[in-house]
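Enquirer: Structure incoming, see below.
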Amino acid sequence: MDRNGRDDIKVENGYDLEDDHDHKKKDKKEEQEEEFSVERKFENQEVPSWRNQLTLRAFVLSFVLSILFTVIVMKLNLTTGIIPSLNVSAGLLGFFFIKTWTKFLEKSGLLKQPFTRQENTVIQTCVVASSGIAFNGGFGHYLLGMSETVARQSTEDSDAFKNPSLSWMIGFLFVVSFLGLFSVVPLRKVMIIDFKLTYPSGTATAYLINSFHTPAGAKLAKKQVKALGKFLSFSFLWGFFQWFYTAGDGCGFAEFPSLGLKAYENKFFFDFSATYVGVGMICPYIINISVLLGGILSWGLMWPLIDTKKGDWYSADLKPSSLHGLQGYKVFIAIALILGDGLYTFFKVLSRTLAALFFQLQMRDATGGLPIADRSSPETSRISYNDQRRTQLFLKDQIPTWFAVAGYVAIAAISTATLPHIFPELKWYYISVIYIFAPALAFCNAYGCGHTDWSLASTYGKLAIFIIRPQERIPPSNGASHGGVLAGLAACGVMMNIVATASDLSQDFKTGYLTLSSPRSMFVSQLIGTAMGCIISPCVFWLFFKAFKDLGTPGSQYPAPNATVFRNMAILGVEGFSSLPKNCLYLCYGFFGAAILINLIKDALGKKWARFIPNPMAMAIPFYIGSYFAIDMCVGSLILFIWEKIDKAKADAFGPAVASGLICGDGIWTLPRAILALAGVKPPICMKFLSRGTNAKVDAFLGS
């Protein structure tokens, strides 16, 4: 979950004059509002050309920060798949490091170009684009789902698999990650200027960057960075301290049965993860509660009840990882919830998108082609100083439409010719079908994201698994029996990358519009960030893959639950319902319907009460991996809740910085831990907790 819908962020859309006799009132209101206009504060600052916004120091820092954020996203992706927005952290760290560097140069008399908010926006765009590949690249779902480790969990027999390799992963990402960028470029003016789409995340990021570059904002940013650094250091040292006690399986603080041994057996315990305490402080309260409710429903009620049917509903002789046993219920019921919630959201956003698009096109025709936001009166169009300034600069540096179309066609042709060599199971005609319809789907996703802040990239990917799938069984390249599974997963990856990058670039265009950053600098920054991500993300994943041998295995430190979910969706698409254990289909129908019903109730209640209704997608996450991380996230929520009750202003100002510090510090520790594992350095102590039946004690002994 890389974004959550937020509709309470207001943006400046100009001032509509409803009646002529209200002009005097409006003029007075405009004078007051323009006194506090954002762009009035910056009108004496020269806006650098788009080339000067793209500085070497910006991209050097972006590369360093991209490695940091890629490690963090990769860790989250391989543990639970819950990815909070890290835009605030990227913008804040970018501001701090470049500001520190330029101050040093200024004191030395060597400063040639001052640090501007446009350069800050370039850094934020590049870092988010690069680290976004760690999620969109499928390392926690469709790519890892192709591996032999996940394949052997899904079936008893050897299934189709393609083990990760740096060469093909980098090649795959380079041929699929840029298409979405070119598909949405011709429509940037329509979405940003004409339709005035809000893009809440892009807007919030722009306001943050604008505030950094005011005197008061710079002072606050300095304090926020100090808080981030303090908790980053604590989180890093806490991770290092915990490592000393993990010499064997089931050892360490992460295995502490804080709620009792019986609860521990059912995945209910606090695992002392600074990362997920931080994630809990960033995610909305209802998401954290939903995850906990899902864990209670599944591991506290359903799985113990289904386990009593062993020998009746499924064979008692099956291994724990068999999808024809209890594991099958865990995986497929979670899939039913995810599909129910995803399809409901997809059709809801699509219907609202089409309705809004139809309405706006009608209104545009009625006003003779004038932008909707500029419609003030029959005679004239009056907009705020902010919008005048922003629109002027946004339209100044155009990206030619022919360039975008030519780029899309060229990359699509290269991709169509290349992908069958990487995945022989994915025929060229399937790829061609995807690329014909992809621009329309990319626009729908980008337009819907502009209204709701929801990117439905993973939903489009899941639909591709079922729609763009072979109707015949394809023998895969390794000689196994289900090549259609690999074809479905590869098609999912192609679709996800296109629609995800389209909505990401649209968010960046909105951020650029509000910070007076050129569309060209945004596009180039996104291109460079994506190229960085196509190299950094596979390398970071490879480090995880080589350092942690049990990657993708249930119950391990990195279970990658989405990899199993995506693979089994592909199996379901190829084999149909015959792969489900007894009565599982009826339970799936029930939970699929329940997900839709919950969403209907949520929409019917309105905003006031909807915030108390749980999120089905979040509830599905612990069905497979357990609730231990939900306890951590709820602890984070509790900390933030108490902080807000004590001092809300301070919690609002420093909460995201503290949470980011907890996440970043633990993420940074993952790198040296992986290097130690590769070097064969083992922790010296194992701390394990045993039940009374085995002479209950806490064992602390030197590891071999």
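Each chain in the structure tokens gets a letter, A, B and so on, in the order shown; residues start at 1 in every chain, and ligands are counted from 1 in the order they appear.
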Report as a Markdown table: every residue of segment 596-671 of chain A with an atom at most 6 Å from segment 270-284 of chain A, its closest pair of atoms, and their distance in Å to one decimal, counting only C-alpha atoms, with rows sorted by chain and ascending residue number.
Expert:
```
| residue | atom | partner | partner_atom | distance |
| --- | --- | --- | --- | --- |
| A:Tyr628 | CA | A:Phe270 | CA | 5.8 |
| A:Ile631 | CA | A:Phe270 | CA | 5.7 |
| A:Asp632 | CA | A:Val277 | CA | 5.0 |
| A:Met633 | CA | A:Gly280 | CA | 3.8 |
| A:Gly636 | CA | A:Val277 | CA | 4.3 |
| A:Ser637 | CA | A:Met281 | CA | 5.1 |
| A:Leu640 | CA | A:Met281 | CA | 5.9 |
| A:Ala659 | CA | A:Gly278 | CA | 4.1 |
| A:Leu662 | CA | A:Gly278 | CA | 5.4 |
| A:Ile663 | CA | A:Thr275 | CA | 4.3 |
| A:Asp666 | CA | A:Thr275 | CA | 5.9 |
```
Enquirer: Give me the residues of segment 471-567 of chain A that have any atom at most 9 Å from an atom of segment 166-188 of chain A; for each, the nearest atom pair and the distance in Å, rounded to one decimal. Use only C-alpha atoms, sort by chain and number, and format it as a tab-separated table.
Expert:
```
residue	atom	partner	partner_atom	distance
A:Gly493	CA	A:Val176	CA	8.2
A:Val494	CA	A:Val176	CA	5.9
A:Met495	CA	A:Val176	CA	8.6
A:Asn497	CA	A:Ser177	CA	5.4
A:Ile498	CA	A:Gly180	CA	4.1
A:Val499	CA	A:Gly180	CA	5.9
A:Ala500	CA	A:Gly180	CA	7.3
A:Thr501	CA	A:Gly180	CA	5.1
A:Ala502	CA	A:Gly180	CA	4.6
A:Ser503	CA	A:Val184	CA	8.2
A:Asp504	CA	A:Leu181	CA	8.6
A:Leu505	CA	A:Leu181	CA	6.5
A:Ser506	CA	A:Arg188	CA	7.0
A:Phe509	CA	A:Arg188	CA	7.3
A:Pro519	CA	A:Arg188	CA	8.7
A:Phe523	CA	A:Leu181	CA	7.8
A:Gln526	CA	A:Leu181	CA	8.1
A:Leu527	CA	A:Phe178	CA	7.3
A:Thr530	CA	A:Ser177	CA	7.1
A:Ala531	CA	A:Phe174	CA	7.2
A:Gly533	CA	A:Leu173	CA	8.8
A:Cys534	CA	A:Leu173	CA	5.6
A:Ile535	CA	A:Ile170	CA	6.1
A:Ser537	CA	A:Ile170	CA	8.7
A:Pro538	CA	A:Leu166	CA	6.2
A:Cys539	CA	A:Leu166	CA	7.0
A:Trp542	CA	A:Leu166	CA	7.0
```
Enquirer: List the neighbours of Cys449 of chain A out to 12 Å using only C-alpha atoms; skip same-chain residues closer than 2 positions along the sequence, and give me the result as JSON, numbers by chain.
Expert: {"A": [3, 4, 5, 6, 7, 191, 197, 198, 199, 200, 201, 202, 345, 346, 349, 350, 352, 353, 442, 443, 444, 445, 446, 447, 451, 452, 453, 454, 455, 456, 457, 499, 500, 501, 502, 503, 504, 505, 506, 507, 510]}
Enquirer: Excluding same-chain residues fewer than 3 positions from Leu337 of chain A, what lies within 8 Å of it counting only C-alpha atoms, as a PyMOL selection string?
Expert: chain A and resi 333-334+340-341+588+591-592+594-595+616-617+620
Enquirer: So that I have them on file, write out the residues from the current selection with N, CA, C and O atoms, as a compact mmCIF listing (two decimals), in the first residue's frame.
Expert:
```txt
# COMPACT_ATOMS: atom_id res chain seq x y z
N ILE A 333 -8.19 -17.15 0.59
CA ILE A 333 -9.17 -16.26 1.23
C ILE A 333 -8.61 -14.83 1.25
O ILE A 333 -9.35 -13.86 1.05
N ALA A 334 -7.30 -14.70 1.48
CA ALA A 334 -6.67 -13.37 1.40
C ALA A 334 -6.80 -12.81 -0.01
O ALA A 334 -7.10 -11.62 -0.19
N GLY A 340 -11.79 -8.55 -4.06
CA GLY A 340 -13.07 -7.89 -3.82
C GLY A 340 -12.89 -6.40 -3.58
O GLY A 340 -13.58 -5.57 -4.19
N ASP A 341 -11.94 -6.05 -2.73
CA ASP A 341 -11.67 -4.64 -2.43
C ASP A 341 -11.10 -3.93 -3.65
O ASP A 341 -11.51 -2.81 -3.99
N CYS A 588 -14.17 -18.25 -0.08
CA CYS A 588 -13.68 -17.16 -0.93
C CYS A 588 -14.83 -16.31 -1.44
O CYS A 588 -14.75 -15.07 -1.46
N PHE A 591 -15.95 -14.05 1.47
CA PHE A 591 -15.06 -12.92 1.79
C PHE A 591 -14.97 -11.93 0.63
O PHE A 591 -14.79 -10.73 0.86
N PHE A 592 -15.10 -12.42 -0.60
CA PHE A 592 -15.15 -11.52 -1.76
C PHE A 592 -16.37 -10.60 -1.64
O PHE A 592 -16.27 -9.38 -1.79
N ALA A 594 -18.02 -9.98 1.14
CA ALA A 594 -17.88 -9.16 2.35
C ALA A 594 -17.05 -7.91 2.06
O ALA A 594 -17.36 -6.82 2.57
N ALA A 595 -16.00 -8.05 1.25
CA ALA A 595 -15.15 -6.90 0.91
C ALA A 595 -15.97 -5.84 0.16
O ALA A 595 -15.86 -4.64 0.43
N PRO A 616 -10.81 -3.49 3.82
CA PRO A 616 -10.65 -4.93 3.53
C PRO A 616 -9.26 -5.31 3.03
O PRO A 616 -8.75 -6.38 3.37
N MET A 617 -8.65 -4.45 2.21
CA MET A 617 -7.31 -4.75 1.69
C MET A 617 -6.31 -4.86 2.84
O MET A 617 -5.49 -5.77 2.88
N ALA A 620 -6.66 -8.05 4.84
CA ALA A 620 -6.19 -9.28 4.18
C ALA A 620 -4.71 -9.55 4.41
O ALA A 620 -4.28 -10.71 4.33
```
Enquirer: Identify which of the residues A:Asn599, A:Gln118, A:Ser89, A:Ser518 lies closest to Arg611 of chain A, counting only C-alpha atoms when measuring atom-to-atom distances.
Expert: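 Closest to Arg611 of chain A, using only C-alpha atoms: A:Asn599.
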Enquirer: Counting only C-alpha atoms, which of A:Pro400, A:Pro114, A:Gly94, A:Gly461 gets nearest to Val47 of chain A?
Expert: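 Counting only C-alpha atoms, the residue closest to Val47 of chain A is A:Pro114.
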Enquirer: Do you know which residues are at most 12 Å from Asp652 of chain A counting only C-alpha atoms, after dropping those on the same chain fewer than 5 positions away, and could you put them as a list in words?
Expert: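 Residues near the query, excluding close chain neighbours: Leu220, Gln224, Met281, Ile282, Leu640, Phe641, Trp643, Glu644, Lys645, Ile646, Asp647, Ala657, Val658 and Ala659 of chain A.
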Enquirer: Looking at only C-alpha atoms, which of A:His213, A:Lys648, A:Lys41, A:Lys608 is the one that sits closest to Tyr385 of chain A?
Expert: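 Going through A:His213, A:Lys648, A:Lys41, A:Lys608 one by one, the smallest distance to Tyr385 of chain A is for A:Lys41.
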Enquirer: For the structure I just gave you, how does DSSP split segment 475-587 of chain A - specifically, which residues are alpha helix (DSSP H)? Reply as JSON, numbers by chain.
Expert: {"A": [483, 484, 485, 486, 487, 488, 489, 490, 491, 492, 493, 494, 495, 496, 497, 498, 499, 500, 501, 502, 503, 504, 505, 506, 507, 508, 509, 510, 511, 512, 513, 514, 515, 519, 520, 521, 522, 523, 524, 525, 526, 527, 528, 529, 530, 531, 532, 533, 534, 535, 536, 537, 538, 539, 540, 541, 542, 543, 544, 545, 546, 547, 561, 562, 563, 564, 565, 566, 567, 568, 569, 570, 571, 572, 573, 574, 575, 584, 585, 586, 587]}
Enquirer: Would you pick out the contacts of Leu297 of chain A at 10 Å or less, using only C-alpha atoms, so that residues sharing its chain but fewer than 4 positions from it are not included, and give the list as a list in words?
Expert: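 Residues near the query, excluding close chain neighbours: Val291, Leu292, Leu293, Leu301, Met302, Trp303, Met619, Ala620, Pro622 and Phe623 of chain A.
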Enquirer: Where does segment 454-566 of chain A meet segment 48-66 of chain A within 8 Å, residue by residue, with the nearest atom pair and distance in Å to one decimal for each, counting only C-alpha atoms, listed by chain and rising number, as a Markdown table?
Expert:
```
| residue | atom | partner | partner_atom | distance |
| --- | --- | --- | --- | --- |
| A:Ser517 | CA | A:Trp50 | CA | 7.5 |
| A:Ser518 | CA | A:Trp50 | CA | 5.5 |
| A:Arg520 | CA | A:Trp50 | CA | 6.4 |
| A:Ser521 | CA | A:Trp50 | CA | 5.3 |
| A:Ser525 | CA | A:Leu54 | CA | 7.5 |
| A:Gly529 | CA | A:Ser62 | CA | 7.9 |
| A:Met532 | CA | A:Phe63 | CA | 7.2 |
| A:Gly533 | CA | A:Ser66 | CA | 7.6 |
| A:Ile536 | CA | A:Ser66 | CA | 7.8 |
```
Enquirer: Determine, counting only C-alpha atoms, which protein, DNA and RNA residues have an atom within 8 Å of an atom of Gly667 of chain A; residues of the same chain fewer than 2 positions away are not included. Present the result as a list in words.
Expert: Leu68, Val71, Ile72, Lys75, Phe236, Thr275, Ile663, Cys664, Gly665, Trp669, Thr670 and Leu671 of chain A
Enquirer: Which of these residues is nearest to Thr564 of chain A, using only C-alpha atoms: A:Lys330, A:Arg40, A:Lys310, A:His421?
Expert: A:Lys330
Enquirer: Could you work out how far atom CA of Ile431 of chain A lies from atom CA of Gly552 of chain A, giving the answer in Å with one decimal?
Expert: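 Separation between atom CA of Gly552 of chain A and atom CA of Ile431 of chain A: 28.0 Å.
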